[in-house]
Amino acid sequence: MAGPGAPPLLAAACRAYGEAFGGAAAAGAVWAPGRVNLLGEHTDYNGGFVLPMALQLGTVLVGSPTQDGTISILTTSEAADEPHRVQFPAPSESSPLSPGQPHWANYVKGVIQHYRGGPMPGFNAVIASDIPLGGGLSSSASLEVATYTFLQQLCPDDGDLVAKALACQKAEHTFAGMPCGIMDQFISVMGKEGHALLIDCRSLETVPVPLTDASLAVLITNSNVRHALTGSEYPTRRRQCQEAAAALGKTSLRDATMAELEAARGRLGEEVYRRARHVISEIERTVRAAQALQDRDYGTFGRLMVESHNSLRDDYDVSCPELDELVAAALEVDGVYGSRMTGGGFGGCTVTLLVAEAAERAQQHIQEKYSGTATFYISKPSDGAKVLPL
């Protein structure tokens with residue numbers, strides 16, 4: 001079952017479709033979730049482990065094929081850059097698509113260009129999402145995976161789910177200019193209701209970890225400080241990780257140990273050393289956290305979350321005062337196991353694991369302590385992308 005947002009979202013998208021396309025009804029609808037990463041931050045592009053879960057927040061895309069070879073897409077998102085409607089010819093061998101303005105359309109165009117089926121017909125579509133943009137909950141991967149899932153209805157591919165996630169990642173690299181790891185697209189495609197997913201970002205193997213304990217809640221707190229990640233920070237962190245791996249004679253930091261890093265400290269430079277220390281320790285924490293969750297050892301899981309946050313703040317330098325404030329406030333609440341920033345950083349959200357009955361208390365306390373205005377979401381782990389009945 002798609003998340004709670006899907007029925008109202010679907011209704012809104014269908015309404016907008018009728019208005020935009022001369023009263024016609026859409027022929028097909030799909031949904032793809034956003035995600036929250038419970039542990040394993042900035043490890044995916046280092047071939048490490050991540051532990052995300054798919055959310056009940058997501059992106060709906062409704063549409064119909066057309067006969068004229070033109071693709072026309074409307075987004076209902078207020079926060080998207082203008083114009084909210086774009087039109088372009090379906091790509092062919094001789095005239096591929098290229099990125100441009102508006103920025104939001106590049107995610108869609110990239111997926112169309114890298115789609116693994118064909119030939120691509122023209123189509124009309126409307127996009128509606130309840131994932132906050134720039135909040136670190138993967139609104140972009142959700143949009144990419146929804147687009148791909150819709151294209152699978154128009155002209156089916158071979159159904160390979162790993163290849164689907166990789167094509168969506170490639171779209172983000174080449175059309176949105178964001179050199180992201182594989183986690184976000186992977187969990188949006190592969191999400192499993194009632195489970196977090198331990199993903200090995202090198203082998204792309206996944207292990208579902210049950211997260212169905214009714215006495216437990218996952219609270220997401222949006223700082224409402226918006227980050228734009230394509231800036232210099234993210235590529236710089238990737239470069240520093242590659243530099244550290246090369247200095248240690250490894251293809252990626254996944255293969256490095258803390259002892260090897262300490263031995264090389266003198267020739268790494270303090271900043272690169274700290275970046276690598278975060279990644280190596282975070283990969284190890286993520287494996288331990290998955291085991292703790294499997295064992296229902298929530299105390300250990302919570303402690304690992306806090307260690308992760310401190311490492312992201314002090315060694316990786318991707319937190320910000322607002323996120324630190326939200327984490328500190330959450331940790332003061334009785335019944336909270338742990339809390340950390342989640343997503344790329346520089347704003348966005350925190351994720352908190354807590355006793356279900358403490359959720360209301362925690363929200364109240366965090367709101368009182370926070371200097372900004374926070375928005376809260378409580379989500380259960382959802383399935384990955386799916387076709388919706390119309």
# chains A, B, ... in the order shown; residues from 1 in each chain; ligands from 1
>>> residues_around(residues="segment 258-263 of chain A", least_positions_apart="5", cutoff="12 Å", atoms="only C-alpha atoms", output="list in words")
Cys241, Ala244, Ala245, Ala246, Ala247, Leu248, Gly249, Lys250, Leu253, Leu268, Gly269, Glu270, Val272, Tyr273, Arg274, Arg275, Ala276, Arg277, His278, Val279, Ile280, Ser281, Glu282, Ile283 and Glu284 of chain A
>>> write_last_selection(atoms="N, CA, C and O atoms", output="mmCIF file, in the first residue's frame")
data_model
loop_
_atom_site.group_PDB
_atom_site.id
_atom_site.type_symbol
_atom_site.label_atom_id
_atom_site.label_comp_id
_atom_site.auth_asym_id
_atom_site.auth_seq_id
_atom_site.Cartn_x
_atom_site.Cartn_y
_atom_site.Cartn_z
ATOM 1 N N CYS A 241 37.500 12.226 -0.010
ATOM 2 C CA CYS A 241 37.424 10.786 0.266
ATOM 3 C C CYS A 241 38.279 10.002 -0.733
ATOM 4 O O CYS A 241 38.984 9.057 -0.351
ATOM 5 N N ALA A 244 41.911 10.453 0.196
ATOM 6 C CA ALA A 244 42.287 9.638 1.353
ATOM 7 C C ALA A 244 42.447 8.169 0.942
ATOM 8 O O ALA A 244 43.417 7.503 1.331
ATOM 9 N N ALA A 245 41.504 7.670 0.136
ATOM 10 C CA ALA A 245 41.570 6.271 -0.308
ATOM 11 C C ALA A 245 42.848 6.033 -1.113
ATOM 12 O O ALA A 245 43.559 5.037 -0.889
ATOM 13 N N ALA A 246 43.164 6.954 -2.015
ATOM 14 C CA ALA A 246 44.374 6.817 -2.848
ATOM 15 C C ALA A 246 45.627 6.806 -1.978
ATOM 16 O O ALA A 246 46.531 5.984 -2.183
ATOM 17 N N ALA A 247 45.661 7.688 -0.979
ATOM 18 C CA ALA A 247 46.834 7.762 -0.092
ATOM 19 C C ALA A 247 46.995 6.467 0.704
ATOM 20 O O ALA A 247 48.113 6.078 1.055
ATOM 21 N N LEU A 248 45.872 5.789 0.967
ATOM 22 C CA LEU A 248 45.923 4.528 1.713
ATOM 23 C C LEU A 248 46.089 3.324 0.782
ATOM 24 O O LEU A 248 46.090 2.183 1.229
ATOM 25 N N GLY A 249 46.176 3.600 -0.534
ATOM 26 C CA GLY A 249 46.347 2.528 -1.516
ATOM 27 C C GLY A 249 45.100 1.676 -1.686
ATOM 28 O O GLY A 249 45.175 0.479 -1.982
ATOM 29 N N LYS A 250 43.933 2.288 -1.485
ATOM 30 C CA LYS A 250 42.658 1.558 -1.593
ATOM 31 C C LYS A 250 41.829 2.131 -2.747
ATOM 32 O O LYS A 250 41.959 3.305 -3.075
ATOM 33 N N LEU A 253 37.238 3.961 0.487
ATOM 34 C CA LEU A 253 37.428 3.911 1.941
ATOM 35 C C LEU A 253 36.729 2.708 2.571
ATOM 36 O O LEU A 253 36.980 2.382 3.726
ATOM 37 N N LEU A 268 48.363 12.804 5.435
ATOM 38 C CA LEU A 268 47.048 13.049 4.843
ATOM 39 C C LEU A 268 46.593 14.503 4.914
ATOM 40 O O LEU A 268 45.772 14.935 4.122
ATOM 41 N N GLY A 269 47.092 15.248 5.861
ATOM 42 C CA GLY A 269 46.493 16.571 6.088
ATOM 43 C C GLY A 269 45.299 16.393 7.007
ATOM 44 O O GLY A 269 44.532 15.440 6.860
ATOM 45 N N GLU A 270 45.136 17.321 7.955
ATOM 46 C CA GLU A 270 44.159 17.141 9.029
ATOM 47 C C GLU A 270 42.716 17.043 8.506
ATOM 48 O O GLU A 270 41.946 16.203 8.960
ATOM 49 N N VAL A 272 41.493 16.108 5.459
ATOM 50 C CA VAL A 272 41.243 14.855 4.727
ATOM 51 C C VAL A 272 41.211 13.681 5.711
ATOM 52 O O VAL A 272 40.383 12.776 5.591
ATOM 53 N N TYR A 273 42.088 13.732 6.698
ATOM 54 C CA TYR A 273 42.097 12.689 7.739
ATOM 55 C C TYR A 273 40.742 12.624 8.446
ATOM 56 O O TYR A 273 40.175 11.540 8.638
ATOM 57 N N ARG A 274 40.200 13.788 8.818
ATOM 58 C CA ARG A 274 38.912 13.810 9.525
ATOM 59 C C ARG A 274 37.770 13.309 8.638
ATOM 60 O O ARG A 274 36.883 12.593 9.091
ATOM 61 N N ARG A 275 37.804 13.672 7.362
ATOM 62 C CA ARG A 275 36.765 13.194 6.429
ATOM 63 C C ARG A 275 36.790 11.659 6.382
ATOM 64 O O ARG A 275 35.759 11.000 6.445
ATOM 65 N N ALA A 276 37.983 11.113 6.246
ATOM 66 C CA ALA A 276 38.125 9.652 6.152
ATOM 67 C C ALA A 276 37.735 8.979 7.472
ATOM 68 O O ALA A 276 37.125 7.910 7.474
ATOM 69 N N ARG A 277 38.078 9.627 8.591
ATOM 70 C CA ARG A 277 37.741 9.043 9.894
ATOM 71 C C ARG A 277 36.215 8.923 10.035
ATOM 72 O O ARG A 277 35.706 7.926 10.550
ATOM 73 N N HIS A 278 35.497 9.952 9.549
ATOM 74 C CA HIS A 278 34.035 9.845 9.595
ATOM 75 C C HIS A 278 33.555 8.644 8.780
ATOM 76 O O HIS A 278 32.764 7.836 9.256
ATOM 77 N N VAL A 279 34.028 8.546 7.546
ATOM 78 C CA VAL A 279 33.502 7.519 6.634
ATOM 79 C C VAL A 279 33.800 6.113 7.155
ATOM 80 O O VAL A 279 32.918 5.249 7.200
ATOM 81 N N ILE A 280 35.035 5.875 7.576
ATOM 82 C CA ILE A 280 35.425 4.537 8.035
ATOM 83 C C ILE A 280 34.637 4.153 9.291
ATOM 84 O O ILE A 280 34.115 3.041 9.411
ATOM 85 N N SER A 281 34.495 5.106 10.218
ATOM 86 C CA SER A 281 33.758 4.803 11.460
ATOM 87 C C SER A 281 32.258 4.662 11.182
ATOM 88 O O SER A 281 31.573 3.846 11.788
ATOM 89 N N GLU A 282 31.743 5.427 10.218
ATOM 90 C CA GLU A 282 30.307 5.386 9.914
ATOM 91 C C GLU A 282 29.923 4.072 9.234
ATOM 92 O O GLU A 282 28.851 3.529 9.494
ATOM 93 N N ILE A 283 30.805 3.557 8.390
ATOM 94 C CA ILE A 283 30.530 2.268 7.735
ATOM 95 C C ILE A 283 30.423 1.174 8.807
ATOM 96 O O ILE A 283 29.496 0.357 8.796
ATOM 97 N N GLU A 284 31.340 1.224 9.754
ATOM 98 C CA GLU A 284 31.337 0.239 10.848
ATOM 99 C C GLU A 284 30.086 0.404 11.733
ATOM 100 O O GLU A 284 29.434 -0.572 12.106
#
>>> select_by_dssp(residues="segment 2-224 of chain A", states="alpha helix (DSSP H)", output="ChimeraX atom specification")
/A:6-20,103-114,139-154,161-175,183-190
>>> atom_distance(atom1="atom CA of Thr70 of chain A", atom2="atom CA of Ala128 of chain A")
20.6 Å
>>> residues_around(residues="segment 379-386 of chain A", least_positions_apart="4", cutoff="7 Å", atoms="only C-alpha atoms", output="PDB file with all heavy atoms, in the first residue's frame")
ATOM      1  N   ALA A   2       0.610   2.181  -0.882  1.00  0.00           N
ATOM      2  CA  ALA A   2       1.347   3.439  -0.881  1.00  0.00           C
ATOM      3  C   ALA A   2       1.017   4.184   0.407  1.00  0.00           C
ATOM      4  O   ALA A   2       0.068   3.869   1.099  1.00  0.00           O
ATOM      5  CB  ALA A   2       0.948   4.271  -2.091  1.00  0.00           C
ATOM      6  N   GLY A   3       1.826   5.195   0.705  1.00  0.00           N
ATOM      7  CA  GLY A   3       1.677   5.900   1.977  1.00  0.00           C
ATOM      8  C   GLY A   3       0.365   6.655   2.079  1.00  0.00           C
ATOM      9  O   GLY A   3      -0.372   6.789   1.102  1.00  0.00           O
ATOM     10  N   VAL A  30       1.383   6.458 -11.100  1.00  0.00           N
ATOM     11  CA  VAL A  30       2.424   5.733 -10.347  1.00  0.00           C
ATOM     12  C   VAL A  30       2.806   6.555  -9.118  1.00  0.00           C
ATOM     13  O   VAL A  30       2.511   7.755  -9.040  1.00  0.00           O
ATOM     14  CB  VAL A  30       3.696   5.492 -11.214  1.00  0.00           C
ATOM     15  CG1 VAL A  30       3.390   4.624 -12.423  1.00  0.00           C
ATOM     16  CG2 VAL A  30       4.321   6.819 -11.650  1.00  0.00           C
ATOM     17  N   TRP A  31       3.488   5.908  -8.175  1.00  0.00           N
ATOM     18  CA  TRP A  31       3.948   6.565  -6.943  1.00  0.00           C
ATOM     19  C   TRP A  31       5.327   6.027  -6.589  1.00  0.00           C
ATOM     20  O   TRP A  31       5.588   4.831  -6.770  1.00  0.00           O
ATOM     21  CB  TRP A  31       2.955   6.262  -5.816  1.00  0.00           C
ATOM     22  CG  TRP A  31       3.346   6.775  -4.454  1.00  0.00           C
ATOM     23  CD1 TRP A  31       3.112   8.015  -3.938  1.00  0.00           C
ATOM     24  CD2 TRP A  31       4.026   6.044  -3.409  1.00  0.00           C
ATOM     25  NE1 TRP A  31       3.599   8.113  -2.660  1.00  0.00           N
ATOM     26  CE2 TRP A  31       4.169   6.925  -2.314  1.00  0.00           C
ATOM     27  CE3 TRP A  31       4.544   4.742  -3.313  1.00  0.00           C
ATOM     28  CZ2 TRP A  31       4.798   6.543  -1.122  1.00  0.00           C
ATOM     29  CZ3 TRP A  31       5.163   4.362  -2.127  1.00  0.00           C
ATOM     30  CH2 TRP A  31       5.289   5.250  -1.045  1.00  0.00           C
ATOM     31  N   ALA A  32       6.208   6.898  -6.123  1.00  0.00           N
ATOM     32  CA  ALA A  32       7.524   6.459  -5.628  1.00  0.00           C
ATOM     33  C   ALA A  32       7.835   7.215  -4.341  1.00  0.00           C
ATOM     34  O   ALA A  32       7.594   8.423  -4.247  1.00  0.00           O
ATOM     35  CB  ALA A  32       8.608   6.715  -6.677  1.00  0.00           C
ATOM     36  N   PRO A  33       8.367   6.508  -3.334  1.00  0.00           N
ATOM     37  CA  PRO A  33       8.566   7.138  -2.025  1.00  0.00           C
ATOM     38  C   PRO A  33       9.857   7.946  -1.910  1.00  0.00           C
ATOM     39  O   PRO A  33      10.830   7.695  -2.621  1.00  0.00           O
ATOM     40  CB  PRO A  33       8.644   5.926  -1.087  1.00  0.00           C
ATOM     41  CG  PRO A  33       9.252   4.844  -1.933  1.00  0.00           C
ATOM     42  CD  PRO A  33       8.710   5.083  -3.330  1.00  0.00           C
ATOM     43  N   MET A  53      15.110   3.736   5.119  1.00  0.00           N
ATOM     44  CA  MET A  53      13.780   3.145   4.947  1.00  0.00           C
ATOM     45  C   MET A  53      12.984   4.054   4.018  1.00  0.00           C
ATOM     46  O   MET A  53      13.169   5.275   4.010  1.00  0.00           O
ATOM     47  CB  MET A  53      13.068   2.973   6.295  1.00  0.00           C
ATOM     48  CG  MET A  53      12.711   4.261   7.008  1.00  0.00           C
ATOM     49  SD  MET A  53      11.842   3.944   8.578  1.00  0.00           S
ATOM     50  CE  MET A  53      10.555   5.226   8.477  1.00  0.00           C
ATOM     51  N   ALA A  54      12.135   3.457   3.201  1.00  0.00           N
ATOM     52  CA  ALA A  54      11.257   4.233   2.322  1.00  0.00           C
ATOM     53  C   ALA A  54      10.151   4.847   3.170  1.00  0.00           C
ATOM     54  O   ALA A  54       9.679   4.242   4.130  1.00  0.00           O
ATOM     55  CB  ALA A  54      10.676   3.331   1.244  1.00  0.00           C
ATOM     56  N   LEU A  55       9.744   6.057   2.832  1.00  0.00           N
ATOM     57  CA  LEU A  55       8.744   6.790   3.604  1.00  0.00           C
ATOM     58  C   LEU A  55       7.345   6.626   3.019  1.00  0.00           C
ATOM     59  O   LEU A  55       7.174   6.175   1.892  1.00  0.00           O
ATOM     60  CB  LEU A  55       9.090   8.283   3.618  1.00  0.00           C
ATOM     61  CG  LEU A  55      10.371   8.661   4.354  1.00  0.00           C
ATOM     62  CD1 LEU A  55      10.652  10.139   4.161  1.00  0.00           C
ATOM     63  CD2 LEU A  55      10.253   8.315   5.828  1.00  0.00           C
ATOM     64  N   GLN A  56       6.367   7.072   3.795  1.00  0.00           N
ATOM     65  CA  GLN A  56       4.999   7.145   3.297  1.00  0.00           C
ATOM     66  C   GLN A  56       4.767   8.459   2.558  1.00  0.00           C
ATOM     67  O   GLN A  56       3.692   8.694   2.035  1.00  0.00           O
ATOM     68  CB  GLN A  56       4.032   6.982   4.476  1.00  0.00           C
ATOM     69  CG  GLN A  56       4.113   5.579   5.082  1.00  0.00           C
ATOM     70  CD  GLN A  56       3.494   5.488   6.453  1.00  0.00           C
ATOM     71  OE1 GLN A  56       3.810   6.285   7.332  1.00  0.00           O
ATOM     72  NE2 GLN A  56       2.612   4.539   6.659  1.00  0.00           N
ATOM     73  N   ALA A 146       9.656   7.810  -9.816  1.00  0.00           N
ATOM     74  CA  ALA A 146       8.266   7.896 -10.278  1.00  0.00           C
ATOM     75  C   ALA A 146       8.236   8.040 -11.804  1.00  0.00           C
ATOM     76  O   ALA A 146       7.442   7.376 -12.493  1.00  0.00           O
ATOM     77  CB  ALA A 146       7.548   9.067  -9.611  1.00  0.00           C
ATOM     78  N   ILE A 187      16.589   2.819  -2.595  1.00  0.00           N
ATOM     79  CA  ILE A 187      15.546   2.579  -1.589  1.00  0.00           C
ATOM     80  C   ILE A 187      14.176   2.965  -2.141  1.00  0.00           C
ATOM     81  O   ILE A 187      13.156   2.341  -1.820  1.00  0.00           O
ATOM     82  CB  ILE A 187      15.857   3.305  -0.252  1.00  0.00           C
ATOM     83  CG1 ILE A 187      14.833   2.955   0.841  1.00  0.00           C
ATOM     84  CG2 ILE A 187      15.963   4.795  -0.405  1.00  0.00           C
ATOM     85  CD1 ILE A 187      14.886   1.542   1.355  1.00  0.00           C
ATOM     86  N   SER A 188      14.120   3.962  -3.037  1.00  0.00           N
ATOM     87  CA  SER A 188      12.839   4.358  -3.628  1.00  0.00           C
ATOM     88  C   SER A 188      12.295   3.243  -4.531  1.00  0.00           C
ATOM     89  O   SER A 188      11.090   3.038  -4.624  1.00  0.00           O
ATOM     90  CB  SER A 188      12.978   5.661  -4.418  1.00  0.00           C
ATOM     91  OG  SER A 188      11.708   6.134  -4.827  1.00  0.00           O
ATOM     92  N   VAL A 189      13.209   2.509  -5.177  1.00  0.00           N
ATOM     93  CA  VAL A 189      12.809   1.370  -6.019  1.00  0.00           C
ATOM     94  C   VAL A 189      12.520   0.129  -5.168  1.00  0.00           C
ATOM     95  O   VAL A 189      11.531  -0.574  -5.369  1.00  0.00           O
ATOM     96  CB  VAL A 189      13.923   1.041  -7.052  1.00  0.00           C
ATOM     97  CG1 VAL A 189      13.636  -0.275  -7.778  1.00  0.00           C
ATOM     98  CG2 VAL A 189      14.077   2.175  -8.061  1.00  0.00           C
ATOM     99  N   MET A 190      13.399  -0.133  -4.192  1.00  0.00           N
ATOM    100  CA  MET A 190      13.420  -1.435  -3.496  1.00  0.00           C
ATOM    101  C   MET A 190      12.745  -1.456  -2.134  1.00  0.00           C
ATOM    102  O   MET A 190      12.734  -2.497  -1.489  1.00  0.00           O
ATOM    103  CB  MET A 190      14.878  -1.854  -3.237  1.00  0.00           C
ATOM    104  CG  MET A 190      15.729  -1.905  -4.459  1.00  0.00           C
ATOM    105  SD  MET A 190      15.429  -3.415  -5.341  1.00  0.00           S
ATOM    106  CE  MET A 190      16.754  -3.326  -6.525  1.00  0.00           C
ATOM    107  N   GLY A 191      12.264  -0.305  -1.657  1.00  0.00           N
ATOM    108  CA  GLY A 191      11.711  -0.238  -0.305  1.00  0.00           C
ATOM    109  C   GLY A 191      10.778  -1.405   0.009  1.00  0.00           C
ATOM    110  O   GLY A 191      10.127  -1.948  -0.879  1.00  0.00           O
ATOM    111  N   LYS A 192      10.732  -1.788   1.287  1.00  0.00           N
ATOM    112  CA  LYS A 192       9.932  -2.938   1.700  1.00  0.00           C
ATOM    113  C   LYS A 192       9.140  -2.549   2.944  1.00  0.00           C
ATOM    114  O   LYS A 192       9.736  -2.124   3.949  1.00  0.00           O
ATOM    115  CB  LYS A 192      10.894  -4.102   1.998  1.00  0.00           C
ATOM    116  CG  LYS A 192      10.226  -5.448   2.221  1.00  0.00           C
ATOM    117  CD  LYS A 192      11.327  -6.518   2.234  1.00  0.00           C
ATOM    118  CE  LYS A 192      10.974  -7.798   2.773  1.00  0.00           C
ATOM    119  NZ  LYS A 192      10.036  -8.628   2.862  1.00  0.00           N
ATOM    120  N   GLU A 193       7.838  -2.661   2.863  1.00  0.00           N
ATOM    121  CA  GLU A 193       6.987  -2.268   3.988  1.00  0.00           C
ATOM    122  C   GLU A 193       7.420  -2.977   5.268  1.00  0.00           C
ATOM    123  O   GLU A 193       7.723  -4.171   5.251  1.00  0.00           O
ATOM    124  CB  GLU A 193       5.524  -2.620   3.671  1.00  0.00           C
ATOM    125  CG  GLU A 193       4.560  -2.008   4.660  1.00  0.00           C
ATOM    126  CD  GLU A 193       3.090  -2.256   4.296  1.00  0.00           C
ATOM    127  OE1 GLU A 193       2.820  -2.894   3.264  1.00  0.00           O
ATOM    128  OE2 GLU A 193       2.230  -1.807   5.055  1.00  0.00           O
ATOM    129  N   GLY A 194       7.467  -2.204   6.378  1.00  0.00           N
ATOM    130  CA  GLY A 194       7.818  -2.799   7.670  1.00  0.00           C
ATOM    131  C   GLY A 194       9.295  -3.097   7.847  1.00  0.00           C
ATOM    132  O   GLY A 194       9.685  -3.740   8.822  1.00  0.00           O
ATOM    133  N   HIS A 195      10.136  -2.634   6.917  1.00  0.00           N
ATOM    134  CA  HIS A 195      11.573  -2.932   7.001  1.00  0.00           C
ATOM    135  C   HIS A 195      12.431  -1.726   6.640  1.00  0.00           C
ATOM    136  O   HIS A 195      12.083  -0.951   5.749  1.00  0.00           O
ATOM    137  CB  HIS A 195      11.950  -4.057   6.023  1.00  0.00           C
ATOM    138  CG  HIS A 195      11.332  -5.377   6.359  1.00  0.00           C
ATOM    139  ND1 HIS A 195       9.989  -5.643   6.103  1.00  0.00           N
ATOM    140  CD2 HIS A 195      11.854  -6.494   6.935  1.00  0.00           C
ATOM    141  CE1 HIS A 195       9.733  -6.884   6.516  1.00  0.00           C
ATOM    142  NE2 HIS A 195      10.825  -7.419   7.021  1.00  0.00           N
ATOM    143  N   ALA A 196      13.558  -1.597   7.330  1.00  0.00           N
ATOM    144  CA  ALA A 196      14.643  -0.771   6.815  1.00  0.00           C
ATOM    145  C   ALA A 196      15.458  -1.684   5.901  1.00  0.00           C
ATOM    146  O   ALA A 196      15.302  -2.912   5.952  1.00  0.00           O
ATOM    147  CB  ALA A 196      15.499  -0.246   7.961  1.00  0.00           C
ATOM    148  N   VAL A 218       9.543   6.346  14.461  1.00  0.00           N
ATOM    149  CA  VAL A 218      10.599   7.107  13.795  1.00  0.00           C
ATOM    150  C   VAL A 218      10.039   8.504  13.545  1.00  0.00           C
ATOM    151  O   VAL A 218       9.048   8.665  12.823  1.00  0.00           O
ATOM    152  CB  VAL A 218      11.002   6.447  12.455  1.00  0.00           C
ATOM    153  CG1 VAL A 218      12.015   7.313  11.717  1.00  0.00           C
ATOM    154  CG2 VAL A 218      11.569   5.050  12.696  1.00  0.00           C
ATOM    155  N   LEU A 219      10.651   9.489  14.191  1.00  0.00           N
ATOM    156  CA  LEU A 219      10.204  10.882  14.075  1.00  0.00           C
ATOM    157  C   LEU A 219      11.190  11.650  13.198  1.00  0.00           C
ATOM    158  O   LEU A 219      12.398  11.659  13.460  1.00  0.00           O
ATOM    159  CB  LEU A 219      10.134  11.523  15.468  1.00  0.00           C
ATOM    160  CG  LEU A 219       9.848  13.030  15.513  1.00  0.00           C
ATOM    161  CD1 LEU A 219       8.424  13.330  15.045  1.00  0.00           C
ATOM    162  CD2 LEU A 219      10.066  13.571  16.932  1.00  0.00           C
TER     163      LEU A 219
END
>>> residues_around(residues="Leu38 of chain A", least_positions_apart="3", cutoff="7 Å", atoms="only C-alpha atoms", output="mmCIF file with C-alpha atoms, in the first residue's frame")
data_model
loop_
_atom_site.group_PDB
_atom_site.id
_atom_site.type_symbol
_atom_site.label_atom_id
_atom_site.label_comp_id
_atom_site.auth_asym_id
_atom_site.auth_seq_id
_atom_site.Cartn_x
_atom_site.Cartn_y
_atom_site.Cartn_z
ATOM 1 C CA LEU A 51 20.445 1.801 6.378
ATOM 2 C CA PRO A 52 17.508 3.761 4.896
ATOM 3 C CA VAL A 351 15.732 11.497 12.417
#
